[in-house]
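Some notes on the structure that comes next.
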Amino acid sequence: MPLIEAVRLALQTLRVQKLKSFFTLAGVCIGVMFLITVVSIIEGMGRYMKDDLVGKIIAINSFELRRQPNINLGDVDQAEWESWRRRPRLYISDLLPVVEALPEGTRWAQESESGVQVVSRYSRPRSTTAIGVDGDWFAIKKLGLRDGREFTAQELRQGENVAIIGPDMVERAFPGMDPIGRELRVGGVPYRVIGITESRGSAFGISFDNFIIAPWRSPIRKLLNPQPQMIDAIVVQADNQQVLTEAKERVRSVMRTRRALRPNQPDNFSMETSESALEFWNKLEGYLVMAGVALPAIGLVVGAIVIMNIMLVAVAERTREIGIRKALGAKRRDILAQFLVESATLSTVGAMIGIGLGIGLAQTIAALTPLPASVAPWSIVLGVLVGGTVGIVSGVYPASRASRLDPIVALRQE
Amino acid sequence: MSQHTEDAPLNITAERQAVVASAGAAPGREWVIVTRGLKREYDMGGEIVRALRGVDLAVRRNEYVAIMGPSGSGKSTFMNIIGCLDTPNEGEYWLNGQLVSTMRDDELARVRNKEIGFVFQTFNLLPRATALANVELPLVYAGVSASERKERAMAALEAVQLGQRVHHRPNELSGGQRQRVAIARALVNRPSILLADEPTGNLDSQTSEEIMRVFEHLADTGQTVIMVTHEPDIAAHARRVVVLRDGQIASDEKREKFTEKLGLSLPQK
Ligand SMILES: Nc1ncnc2c1ncn2[C@@H]1O[C@H](COP(=O)(O)OP(=O)(O)OP(=O)(O)O)[C@@H](O)[C@H]1O
Ligand SMILES: [Mg+2]
């Protein structure tokens, strides 16, 4: 019997026995639904980690020279953390030697940041993050301005009291006003707002738009680190990966010399790239996928058992039909195929409904909670395959029982 | 000789006797069915029920045979073996010169599909399928294409005057109509033999006559037919009447002799 025939027969049975089919489908449907949801959320978090979080914090083809890695996704133990705390800080005096060592085709910037209180004449004091910058900071961070202008080279060099604010600061400090040209006080020192950046969005409910940027050499630097000569990071961006590797090696050797490290001593500074920041996520993602697949798998096993039982009942109920088919010339393998296709179809339909519901659930979760979600095409394929496989596996035993029925015994059944 | 000769089937032609007597020899092409010493026993938890105790029968192409006998005499058991739904414990069964009694499952399925059309007392239609779909079933298992299937099933239904009822389900049809669907289904694969186990058993006498006219017509147009019945006046439609008793053939004679014995008149054409 051809396959389409068998599928049509299966769908017909499904239509006739709607309620029973619904219960049969439920297990697989729920299993696949959670599979899709979990995979979508993991995928969404992964995409967010790669494109947004790490991508925004560490620019492409760049590395950040710091005392310790800036992005710690949680796999740092106490001992390592404490060894970082004992490391020497970066000082502004490190900047020039590093910059001089950089090869052709690179840009640099330096930055420091800290939480501060900002005071404006038009609102109560606001908490925000102050960032002191120097070099090609805006270019490297790919942070454009929605209004106003960037710092001039002179402003950066002289450390003038000018500021560029994040979009959140507009409403928070200057409700209903154009902030350009107005004044903000940080640590008692007035700064003139000259620009507003574009939005960097938010993730997990945290906004990336609440900050104020000023030239590092301005008085703001006194608020950013315990000593005003300290800096948080030197950022180096290269035209391509090769130049970046070269730059990293040169900076490493400059820093090791400056710190007077012996060859057998490890680096006492960190040079973080977006790849190294993502390493931990990639590891974590593996575990999450395993857990995310293992839980729905339990649902699928339950679904498989339900389908097997329903199919056994179907075989018992339709013994006479099997007898009739055999009397008319159905071979064992025809009956086997009929019931296998039936359970596979049943289960695949369940899986497809589950995929639809799973996508819906993932979107709902993404909309209602800070968790991101992104439906991976491979998870849809996986869902369908899982459905078909569950159907076939759970159909084997009932189908083979059906196929081995003796025709007259089957025909005698009422 | 012994008592056995006295009880032996009457009026067996010498030719038939020769065919059934030559054990192991393939019968000639004109013999559709030949059984030799067919035995079938059921083990009922220690007690052996001997449903068939050695049945020798030879049926020529184009014959129309009725099988009669009291309840429990083994008629259905015999028909099931002839129809390849069951296999004998002992004996030979040749269908169209092929030894069927030693065939395995899938070969039997093929024979059921291609060589045999079976009509049951209880119709045995698939309740959820239309008349057309029911008639198409044997063609599905024969691997016939969908379009040809439909064409041939329509033709078979028209041949039993059901051209107007093809999309009805069994529960939307009368008993006689259902049995005609079953006959169309039995014939759609052009089997070499049509088997019917009490085809009128569930029908009133008028509908029975209707079905008998269908059989009559089939026999007239060259279809080999074997039918089991309880009723002598139904049996009288056949050209030859075989009577089973206790799993053995008690008599085997032309219907004229049979009707004469019972004082029946031959059915009107
Ligand atoms: N599956 C079975 N298991 C046990 N015994 C059986 C089985 N089928 C038939 N028999 C026995 O075999 C004998 C012949 O049965 P069979 O059905 O062939 O009779 P029949 O001539 O068709 O009777 P009826 O006219 O009532 O249909 C009976 O004694 C019956 O009880
Ligand atoms: Mg019977």
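Lettering and numbering for the structure tokens are positional, with chains as A, B, ... in the shown order, residues counted from 1 in each chain, and ligands counted from 1 in the shown order.
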Which of stretch 229-392 of chain A fall in helix (DSSP H, G or I), as a PDB file with C-alpha atoms, in the first residue's frame:
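Result written to selection31.pdb:
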```pdb
ATOM      1  CA  GLN A 241      41.819  39.640  13.134  1.00  0.00           C
ATOM      2  CA  GLN A 242      45.471  39.361  12.062  1.00  0.00           C
ATOM      3  CA  VAL A 243      46.371  42.886  13.076  1.00  0.00           C
ATOM      4  CA  LEU A 244      44.447  42.326  16.287  1.00  0.00           C
ATOM      5  CA  THR A 245      46.550  39.269  17.176  1.00  0.00           C
ATOM      6  CA  GLU A 246      49.714  41.205  16.418  1.00  0.00           C
ATOM      7  CA  ALA A 247      48.529  44.146  18.530  1.00  0.00           C
ATOM      8  CA  LYS A 248      47.653  41.832  21.403  1.00  0.00           C
ATOM      9  CA  GLU A 249      51.101  40.281  21.394  1.00  0.00           C
ATOM     10  CA  ARG A 250      52.846  43.640  21.355  1.00  0.00           C
ATOM     11  CA  VAL A 251      50.689  45.051  24.143  1.00  0.00           C
ATOM     12  CA  ARG A 252      51.241  41.904  26.190  1.00  0.00           C
ATOM     13  CA  SER A 253      55.020  42.205  25.911  1.00  0.00           C
ATOM     14  CA  VAL A 254      54.937  45.948  26.725  1.00  0.00           C
ATOM     15  CA  MET A 255      52.845  45.293  29.813  1.00  0.00           C
ATOM     16  CA  ARG A 256      54.953  42.338  30.974  1.00  0.00           C
ATOM     17  CA  THR A 257      58.045  44.496  30.679  1.00  0.00           C
ATOM     18  CA  ARG A 258      56.427  47.356  32.562  1.00  0.00           C
ATOM     19  CA  SER A 274      34.434  39.202  22.623  1.00  0.00           C
ATOM     20  CA  GLU A 275      35.329  35.554  21.901  1.00  0.00           C
ATOM     21  CA  SER A 276      36.947  35.050  25.263  1.00  0.00           C
ATOM     22  CA  ALA A 277      33.968  36.653  26.960  1.00  0.00           C
ATOM     23  CA  LEU A 278      31.658  34.275  25.144  1.00  0.00           C
ATOM     24  CA  GLU A 279      33.639  31.174  25.997  1.00  0.00           C
ATOM     25  CA  PHE A 280      31.789  30.668  29.231  1.00  0.00           C
ATOM     26  CA  TRP A 281      28.444  31.273  27.606  1.00  0.00           C
ATOM     27  CA  ASN A 282      29.173  28.652  24.999  1.00  0.00           C
ATOM     28  CA  LYS A 283      29.914  26.169  27.753  1.00  0.00           C
ATOM     29  CA  LEU A 284      26.809  27.142  29.691  1.00  0.00           C
ATOM     30  CA  GLU A 285      24.677  26.977  26.581  1.00  0.00           C
ATOM     31  CA  GLY A 286      25.673  23.342  26.143  1.00  0.00           C
ATOM     32  CA  TYR A 287      24.430  22.477  29.622  1.00  0.00           C
ATOM     33  CA  LEU A 288      21.264  24.499  29.166  1.00  0.00           C
ATOM     34  CA  VAL A 289      20.464  22.769  25.897  1.00  0.00           C
ATOM     35  CA  MET A 290      21.000  19.398  27.553  1.00  0.00           C
ATOM     36  CA  ALA A 291      18.749  20.289  30.460  1.00  0.00           C
ATOM     37  CA  GLY A 292      16.277  21.973  28.152  1.00  0.00           C
ATOM     38  CA  VAL A 293      16.072  18.867  26.019  1.00  0.00           C
ATOM     39  CA  ALA A 294      16.083  16.374  28.881  1.00  0.00           C
ATOM     40  CA  LEU A 295      12.987  17.828  30.568  1.00  0.00           C
ATOM     41  CA  PRO A 296      10.720  17.766  27.500  1.00  0.00           C
ATOM     42  CA  ALA A 297      12.151  14.326  26.732  1.00  0.00           C
ATOM     43  CA  ILE A 298      10.383  13.024  29.819  1.00  0.00           C
ATOM     44  CA  GLY A 299       7.155  14.416  28.384  1.00  0.00           C
ATOM     45  CA  LEU A 300       7.919  12.686  25.124  1.00  0.00           C
ATOM     46  CA  VAL A 301       8.512   9.339  26.825  1.00  0.00           C
ATOM     47  CA  VAL A 302       5.153   9.703  28.544  1.00  0.00           C
ATOM     48  CA  GLY A 303       3.663  10.680  25.180  1.00  0.00           C
ATOM     49  CA  ALA A 304       5.194   7.599  23.592  1.00  0.00           C
ATOM     50  CA  ILE A 305       3.723   5.319  26.228  1.00  0.00           C
ATOM     51  CA  VAL A 306       0.309   6.924  25.783  1.00  0.00           C
ATOM     52  CA  ILE A 307       0.499   6.501  22.019  1.00  0.00           C
ATOM     53  CA  MET A 308       1.540   2.881  22.395  1.00  0.00           C
ATOM     54  CA  ASN A 309      -1.419   2.174  24.644  1.00  0.00           C
ATOM     55  CA  ILE A 310      -3.844   4.011  22.408  1.00  0.00           C
ATOM     56  CA  MET A 311      -2.522   2.095  19.431  1.00  0.00           C
ATOM     57  CA  LEU A 312      -2.905  -1.205  21.289  1.00  0.00           C
ATOM     58  CA  VAL A 313      -6.499  -0.264  22.017  1.00  0.00           C
ATOM     59  CA  ALA A 314      -6.950   0.734  18.386  1.00  0.00           C
ATOM     60  CA  VAL A 315      -5.602  -2.623  17.246  1.00  0.00           C
ATOM     61  CA  ALA A 316      -7.951  -4.436  19.620  1.00  0.00           C
ATOM     62  CA  GLU A 317     -10.937  -2.353  18.524  1.00  0.00           C
ATOM     63  CA  THR A 319      -9.342  -6.416  14.891  1.00  0.00           C
ATOM     64  CA  ARG A 320     -12.216  -7.075  12.538  1.00  0.00           C
ATOM     65  CA  GLU A 321     -11.037  -4.351  10.172  1.00  0.00           C
ATOM     66  CA  ILE A 322      -7.612  -5.979  10.172  1.00  0.00           C
ATOM     67  CA  GLY A 323      -9.264  -9.328   9.425  1.00  0.00           C
ATOM     68  CA  ILE A 324     -11.197  -7.802   6.522  1.00  0.00           C
ATOM     69  CA  ARG A 325      -8.061  -6.186   5.120  1.00  0.00           C
ATOM     70  CA  LYS A 326      -6.149  -9.435   5.401  1.00  0.00           C
ATOM     71  CA  ALA A 327      -8.983 -11.363   3.760  1.00  0.00           C
ATOM     72  CA  ARG A 332       1.720  -8.432   7.088  1.00  0.00           C
ATOM     73  CA  ARG A 333       3.820  -5.519   6.047  1.00  0.00           C
ATOM     74  CA  ASP A 334       0.736  -3.643   4.748  1.00  0.00           C
ATOM     75  CA  ILE A 335      -0.906  -3.876   8.161  1.00  0.00           C
ATOM     76  CA  LEU A 336       2.377  -3.079   9.889  1.00  0.00           C
ATOM     77  CA  ALA A 337       2.840  -0.012   7.691  1.00  0.00           C
ATOM     78  CA  GLN A 338      -0.755   1.087   8.202  1.00  0.00           C
ATOM     79  CA  PHE A 339      -0.457   1.195  11.973  1.00  0.00           C
ATOM     80  CA  LEU A 340       3.077   2.572  11.967  1.00  0.00           C
ATOM     81  CA  VAL A 341       2.082   5.364   9.631  1.00  0.00           C
ATOM     82  CA  GLU A 342      -0.979   5.960  11.736  1.00  0.00           C
ATOM     83  CA  SER A 343       0.963   6.372  14.962  1.00  0.00           C
ATOM     84  CA  ALA A 344       3.702   8.364  13.225  1.00  0.00           C
ATOM     85  CA  THR A 345       1.105  10.654  11.645  1.00  0.00           C
ATOM     86  CA  LEU A 346      -0.693  11.044  14.940  1.00  0.00           C
ATOM     87  CA  SER A 347       2.513  11.872  16.730  1.00  0.00           C
ATOM     88  CA  THR A 348       3.784  14.192  13.999  1.00  0.00           C
ATOM     89  CA  VAL A 349       0.524  16.111  13.997  1.00  0.00           C
ATOM     90  CA  GLY A 350       0.923  16.386  17.764  1.00  0.00           C
ATOM     91  CA  ALA A 351       4.478  17.581  17.295  1.00  0.00           C
ATOM     92  CA  MET A 352       3.416  20.204  14.767  1.00  0.00           C
ATOM     93  CA  ILE A 353       0.737  21.534  17.086  1.00  0.00           C
ATOM     94  CA  GLY A 354       3.390  21.498  19.818  1.00  0.00           C
ATOM     95  CA  ILE A 355       5.740  23.501  17.596  1.00  0.00           C
ATOM     96  CA  GLY A 356       3.050  26.098  17.011  1.00  0.00           C
ATOM     97  CA  LEU A 357       2.218  26.314  20.702  1.00  0.00           C
ATOM     98  CA  GLY A 358       5.908  26.325  21.620  1.00  0.00           C
ATOM     99  CA  ILE A 359       6.617  29.254  19.321  1.00  0.00           C
ATOM    100  CA  GLY A 360       3.626  31.039  20.775  1.00  0.00           C
ATOM    101  CA  LEU A 361       4.728  30.307  24.328  1.00  0.00           C
ATOM    102  CA  ALA A 362       8.284  31.443  23.621  1.00  0.00           C
ATOM    103  CA  GLN A 363       7.001  34.719  22.150  1.00  0.00           C
ATOM    104  CA  THR A 364       4.682  35.201  25.099  1.00  0.00           C
ATOM    105  CA  ILE A 365       7.514  34.634  27.565  1.00  0.00           C
ATOM    106  CA  ALA A 366       9.693  37.008  25.579  1.00  0.00           C
ATOM    107  CA  ALA A 367       6.957  39.623  25.678  1.00  0.00           C
ATOM    108  CA  LEU A 368       6.012  39.259  29.338  1.00  0.00           C
ATOM    109  CA  PRO A 377      14.781  26.764  12.528  1.00  0.00           C
ATOM    110  CA  TRP A 378      16.661  23.616  13.499  1.00  0.00           C
ATOM    111  CA  SER A 379      14.446  23.217  16.551  1.00  0.00           C
ATOM    112  CA  ILE A 380      11.380  23.055  14.289  1.00  0.00           C
ATOM    113  CA  VAL A 381      12.990  20.348  12.184  1.00  0.00           C
ATOM    114  CA  LEU A 382      14.004  18.609  15.409  1.00  0.00           C
ATOM    115  CA  GLY A 383      10.432  18.835  16.710  1.00  0.00           C
ATOM    116  CA  VAL A 384       8.984  17.213  13.594  1.00  0.00           C
ATOM    117  CA  LEU A 385      11.628  14.492  13.596  1.00  0.00           C
ATOM    118  CA  VAL A 386      11.096  13.840  17.275  1.00  0.00           C
ATOM    119  CA  GLY A 387       7.347  13.568  16.682  1.00  0.00           C
ATOM    120  CA  GLY A 388       7.765  11.104  13.835  1.00  0.00           C
ATOM    121  CA  THR A 389      10.298   9.052  15.737  1.00  0.00           C
ATOM    122  CA  VAL A 390       8.199   8.875  18.876  1.00  0.00           C
ATOM    123  CA  GLY A 391       5.262   7.750  16.748  1.00  0.00           C
ATOM    124  CA  ILE A 392       7.211   5.063  14.967  1.00  0.00           C
TER     125      ILE A 392
END
```
- Task: Find the spatial neighbours of B:Val65, counting only C-alpha atoms, within a cut-off of 12 Å - ignore same-chain residues fewer than 6 positions away - and output them as an NGL selection string.
- Result: :B and (33 or 57-59 or 79 or 193-197 or 215-216 or 219 or 223-229 or 234-243 or 252-255)
Should the cut-off be 8 Å, what would the residue list for chain B against chain A look like, counting only C-alpha atoms, as a short mmCIF file (atom, residue, chain, number, x, y, z; two decimals) with N, CA and C atoms, in the first residue's frame?
```
data_model
loop_
_atom_site.label_atom_id
_atom_site.label_comp_id
_atom_site.auth_asym_id
_atom_site.auth_seq_id
_atom_site.Cartn_x
_atom_site.Cartn_y
_atom_site.Cartn_z
N ASN B 80 -13.08 -21.55 4.48
CA ASN B 80 -11.95 -20.72 4.91
C ASN B 80 -10.62 -21.26 4.37
N LEU B 85 -7.86 -18.38 3.96
CA LEU B 85 -7.86 -17.66 5.23
C LEU B 85 -7.34 -18.58 6.33
N ASP B 86 -7.38 -19.86 6.07
CA ASP B 86 -6.97 -20.84 7.07
C ASP B 86 -6.16 -21.90 6.32
N ASP B 105 2.59 -17.17 4.74
CA ASP B 105 1.70 -16.03 4.95
C ASP B 105 1.54 -15.05 3.79
N ASP B 106 2.67 -14.52 3.33
CA ASP B 106 2.61 -13.47 2.31
C ASP B 106 2.14 -14.01 0.96
N ALA B 109 -1.50 -14.27 1.21
CA ALA B 109 -2.11 -12.94 1.06
C ALA B 109 -2.22 -12.57 -0.42
N ARG B 110 -1.18 -12.90 -1.17
CA ARG B 110 -1.20 -12.59 -2.60
C ARG B 110 -2.30 -13.38 -3.30
N VAL B 111 -2.43 -14.68 -2.93
CA VAL B 111 -3.46 -15.52 -3.53
C VAL B 111 -4.85 -14.99 -3.17
N ARG B 112 -5.03 -14.62 -1.90
CA ARG B 112 -6.33 -14.06 -1.49
C ARG B 112 -6.67 -12.82 -2.30
N ASN B 113 -5.64 -12.03 -2.56
CA ASN B 113 -5.86 -10.78 -3.27
C ASN B 113 -6.19 -10.99 -4.74
N LYS B 114 -5.46 -11.93 -5.38
CA LYS B 114 -5.56 -12.04 -6.85
C LYS B 114 -6.54 -13.12 -7.31
N GLY B 117 -12.28 -14.22 -4.47
CA GLY B 117 -13.20 -13.20 -4.03
C GLY B 117 -14.09 -13.83 -2.97
N PHE B 118 -14.12 -13.24 -1.79
CA PHE B 118 -14.85 -13.86 -0.67
C PHE B 118 -16.04 -12.98 -0.30
N ASN B 124 -19.03 -7.93 6.11
CA ASN B 124 -17.65 -7.53 6.39
C ASN B 124 -17.17 -6.35 5.56
N LEU B 125 -18.01 -5.31 5.51
CA LEU B 125 -17.56 -4.06 4.88
C LEU B 125 -16.91 -3.19 5.96
N LEU B 126 -15.98 -2.33 5.55
CA LEU B 126 -15.41 -1.38 6.52
C LEU B 126 -16.46 -0.31 6.77
N LEU B 137 -10.58 -1.45 -2.02
CA LEU B 137 -9.58 -2.05 -1.12
C LEU B 137 -8.70 -3.14 -1.73
N PRO B 138 -9.30 -4.16 -2.36
CA PRO B 138 -8.43 -5.21 -2.92
C PRO B 138 -7.45 -4.64 -3.95
N VAL B 140 -6.17 -1.64 -3.84
CA VAL B 140 -5.11 -0.95 -3.09
C VAL B 140 -3.99 -1.94 -2.79
N TYR B 141 -4.39 -3.12 -2.29
CA TYR B 141 -3.37 -4.10 -1.92
C TYR B 141 -2.74 -4.77 -3.14
N ALA B 142 -3.40 -4.61 -4.29
CA ALA B 142 -2.81 -5.14 -5.52
C ALA B 142 -1.86 -4.12 -6.13
N GLY B 143 -1.81 -2.92 -5.55
CA GLY B 143 -0.89 -1.89 -6.05
C GLY B 143 -1.39 -1.20 -7.31
#
```
- Query: Quick one: residues within 6 Å of B:Glu30, only C-alpha atoms counted, chain neighbours fewer than 2 positions away excluded, as a list in words?
  - Reply: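 What passes the distance filter is Gly28, Arg60 and Arg61 of chain B.
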Any chance you can output those residues with C-alpha atoms as a compact mmCIF listing (two decimals), in the first residue's frame?
```txt
# COMPACT_ATOMS: atom_id res chain seq x y z
CA GLY B 28 -4.76 -29.83 -15.21
CA ARG B 60 -13.84 -27.39 -12.70
CA ARG B 61 -13.61 -23.90 -14.16
```
- Task: Using only C-alpha atoms and all ligand atoms, find each residue with an atom at most 9 Å away from ligand 1 and format the answer as a PyMOL selection string.
- Result: (chain A and resi 408-409+412) or (chain B and resi 40-44+48-52+68-80+197-198+228-230+244-247)
Selected residues written out with N, CA, C and O atoms, as a compact mmCIF listing (two decimals), in the first residue's frame:
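The resulting file, out.txt, is shown below:
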```txt
# COMPACT_ATOMS: atom_id res chain seq x y z
N ILE A 408 -8.74 -15.40 10.07
CA ILE A 408 -10.09 -15.85 10.51
C ILE A 408 -10.35 -15.53 11.97
O ILE A 408 -11.47 -15.20 12.32
N VAL A 409 -9.32 -15.60 12.79
CA VAL A 409 -9.51 -15.21 14.19
C VAL A 409 -9.96 -13.76 14.25
O VAL A 409 -10.90 -13.39 14.96
N ARG A 412 -13.56 -13.23 13.07
CA ARG A 412 -14.59 -13.73 13.97
C ARG A 412 -14.88 -12.74 15.09
O ARG A 412 -15.93 -12.77 15.72
N ARG B 40 -8.80 -30.74 9.11
CA ARG B 40 -8.60 -29.57 9.97
C ARG B 40 -9.11 -29.91 11.36
O ARG B 40 -10.27 -30.33 11.52
N GLU B 41 -8.24 -29.77 12.34
CA GLU B 41 -8.63 -30.08 13.71
C GLU B 41 -8.40 -28.87 14.59
O GLU B 41 -7.48 -28.10 14.36
N TYR B 42 -9.27 -28.73 15.57
CA TYR B 42 -9.09 -27.66 16.55
C TYR B 42 -8.79 -28.29 17.89
O TYR B 42 -9.48 -29.23 18.30
N ASP B 43 -7.79 -27.76 18.55
CA ASP B 43 -7.47 -28.25 19.88
C ASP B 43 -8.18 -27.37 20.90
O ASP B 43 -7.80 -26.23 21.12
N MET B 44 -9.26 -27.92 21.47
CA MET B 44 -10.01 -27.12 22.44
C MET B 44 -9.57 -27.51 23.85
O MET B 44 -10.30 -28.16 24.60
N ILE B 48 -9.87 -32.63 21.10
CA ILE B 48 -9.63 -32.34 19.69
C ILE B 48 -10.96 -32.34 18.94
O ILE B 48 -11.70 -33.32 18.95
N VAL B 49 -11.27 -31.18 18.33
CA VAL B 49 -12.47 -31.11 17.49
C VAL B 49 -12.04 -31.35 16.05
O VAL B 49 -11.22 -30.61 15.52
N ARG B 50 -12.58 -32.38 15.44
CA ARG B 50 -12.17 -32.69 14.06
C ARG B 50 -13.19 -32.09 13.10
O ARG B 50 -14.20 -32.70 12.78
N ALA B 51 -12.92 -30.88 12.67
CA ALA B 51 -13.88 -30.14 11.84
C ALA B 51 -13.91 -30.69 10.41
O ALA B 51 -14.97 -30.76 9.79
N LEU B 52 -12.78 -31.07 9.88
CA LEU B 52 -12.72 -31.71 8.56
C LEU B 52 -11.94 -33.01 8.71
O LEU B 52 -10.85 -33.03 9.28
N MET B 68 -23.76 -27.78 1.17
CA MET B 68 -24.78 -27.82 2.22
C MET B 68 -24.33 -28.73 3.34
O MET B 68 -23.30 -29.37 3.27
N GLY B 69 -25.14 -28.79 4.37
CA GLY B 69 -24.83 -29.69 5.47
C GLY B 69 -25.31 -29.11 6.77
O GLY B 69 -25.52 -27.90 6.87
N PRO B 70 -25.51 -29.96 7.76
CA PRO B 70 -26.00 -29.46 9.04
C PRO B 70 -25.00 -28.53 9.72
O PRO B 70 -23.83 -28.51 9.35
N SER B 71 -25.48 -27.80 10.70
CA SER B 71 -24.62 -26.89 11.43
C SER B 71 -23.49 -27.67 12.09
O SER B 71 -23.71 -28.74 12.65
N GLY B 72 -22.30 -27.17 11.99
CA GLY B 72 -21.15 -27.84 12.61
C GLY B 72 -20.53 -28.91 11.74
O GLY B 72 -19.62 -29.61 12.16
N SER B 73 -21.02 -29.05 10.50
CA SER B 73 -20.51 -30.12 9.64
C SER B 73 -19.17 -29.74 8.99
O SER B 73 -18.56 -30.57 8.34
N GLY B 74 -18.74 -28.48 9.16
CA GLY B 74 -17.42 -28.11 8.64
C GLY B 74 -17.46 -27.27 7.37
O GLY B 74 -16.42 -27.05 6.74
N LYS B 75 -18.62 -26.76 7.02
CA LYS B 75 -18.74 -25.98 5.78
C LYS B 75 -17.86 -24.74 5.82
O LYS B 75 -17.10 -24.47 4.88
N SER B 76 -17.99 -23.98 6.92
CA SER B 76 -17.21 -22.74 7.01
C SER B 76 -15.72 -23.04 7.08
O SER B 76 -14.90 -22.36 6.46
N THR B 77 -15.37 -24.05 7.86
CA THR B 77 -13.97 -24.44 7.96
C THR B 77 -13.41 -24.74 6.57
O THR B 77 -12.31 -24.29 6.20
N PHE B 78 -14.19 -25.48 5.78
CA PHE B 78 -13.75 -25.83 4.44
C PHE B 78 -13.61 -24.58 3.56
O PHE B 78 -12.60 -24.40 2.87
N MET B 79 -14.61 -23.72 3.62
CA MET B 79 -14.56 -22.49 2.81
C MET B 79 -13.37 -21.63 3.19
O MET B 79 -12.73 -21.03 2.32
N ASN B 80 -13.08 -21.55 4.48
CA ASN B 80 -11.95 -20.72 4.91
C ASN B 80 -10.62 -21.26 4.37
O ASN B 80 -9.72 -20.49 4.02
N ASP B 197 -19.86 -17.63 1.83
CA ASP B 197 -20.29 -18.43 2.98
C ASP B 197 -21.61 -17.87 3.50
O ASP B 197 -21.64 -16.83 4.13
N GLU B 198 -22.69 -18.59 3.19
CA GLU B 198 -24.05 -18.16 3.54
C GLU B 198 -24.30 -16.70 3.16
O GLU B 198 -24.63 -15.88 4.03
N VAL B 228 -21.83 -21.57 0.23
CA VAL B 228 -22.34 -22.38 1.33
C VAL B 228 -23.73 -21.88 1.67
O VAL B 228 -23.97 -20.67 1.70
N THR B 229 -24.65 -22.79 1.88
CA THR B 229 -25.98 -22.36 2.32
C THR B 229 -26.66 -23.44 3.15
O THR B 229 -26.35 -24.63 3.03
N HIS B 230 -27.56 -23.00 3.99
CA HIS B 230 -28.40 -23.91 4.77
C HIS B 230 -29.67 -24.27 4.02
O HIS B 230 -30.30 -25.26 4.31
N LEU B 244 -21.93 -31.81 3.09
CA LEU B 244 -20.95 -32.23 4.09
C LEU B 244 -21.69 -32.76 5.30
O LEU B 244 -22.76 -32.27 5.67
N ARG B 245 -21.09 -33.80 5.91
CA ARG B 245 -21.64 -34.28 7.18
C ARG B 245 -20.45 -34.73 8.02
O ARG B 245 -19.62 -35.48 7.53
N ASP B 246 -20.36 -34.20 9.24
CA ASP B 246 -19.26 -34.56 10.15
C ASP B 246 -17.89 -34.41 9.50
O ASP B 246 -17.02 -35.27 9.65
N GLY B 247 -17.71 -33.35 8.78
CA GLY B 247 -16.39 -33.07 8.21
C GLY B 247 -16.02 -33.94 7.02
O GLY B 247 -14.84 -34.02 6.67
```
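For the choices A:Leu9, A:Ala376, A:Met230, A:Leu143, the atom-to-atom distance to A:Arg200 is smallest for A:Leu143 when using only C-alpha atoms.
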- Item | Shortest interatomic distance to A:Phe208 - which of A:Ser400, A:Thr129, A:Ser112, A:Thr106, counting only C-alpha atoms |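 Nearest candidate to A:Phe208 out of A:Ser400, A:Thr129, A:Ser112, A:Thr106: A:Thr129.
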- Message: My list of candidates is B:Ser265, B:Gln121, B:Ser174, B:Asn89. Which is closest to ligand 2 when distances are computed with only C-alpha atoms and all ligand atoms?
- Response: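 Using only C-alpha atoms and all ligand atoms, ligand 2 sits closest to B:Gln121.
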- Query: DSSP says strand (DSSP E) for which residues of stretch 7-227 of chain B? Put them as number ranges by chain?
  - Reply: B: 31-44, 47-60, 64-68, 90-95, 98-99, 116-119, 193-197, 225-227
- Item | Pick from B:Thr122, B:Thr35, B:Gln17, B:Gln98 nearest to ligand 2, counting only C-alpha atoms and all ligand atoms | B:Thr122
- Interatomic distance, atom CA of B:Arg149 to atom CA of A:Gln17 (Å, one decimal):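 If I compute the distance from atom CA of B:Arg149 to atom CA of A:Gln17, I get 27.0 Å.
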- Message: Can you pull out the residues contacting stretch 162-171 of chain B? Cut-off 12 Å, using only C-alpha atoms, and skip same-chain residues under 3 positions away; I want them as number ranges by chain.
- Response: B: 122-136, 150-159, 174-185
- Any idea what the distance is between atom CA of B:Thr259 and atom CA of B:Val119?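 Between atom CA of B:Thr259 and atom CA of B:Val119 the gap is 24.8 Å.
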- Task: Counting only C-alpha atoms and all ligand atoms, figure out which residue out of B:Pro199, B:Lys261, B:Val32, B:Thr13 gets nearest to ligand 2.
- Result: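 The shortest atom-to-atom distance to ligand 2 comes from B:Pro199.
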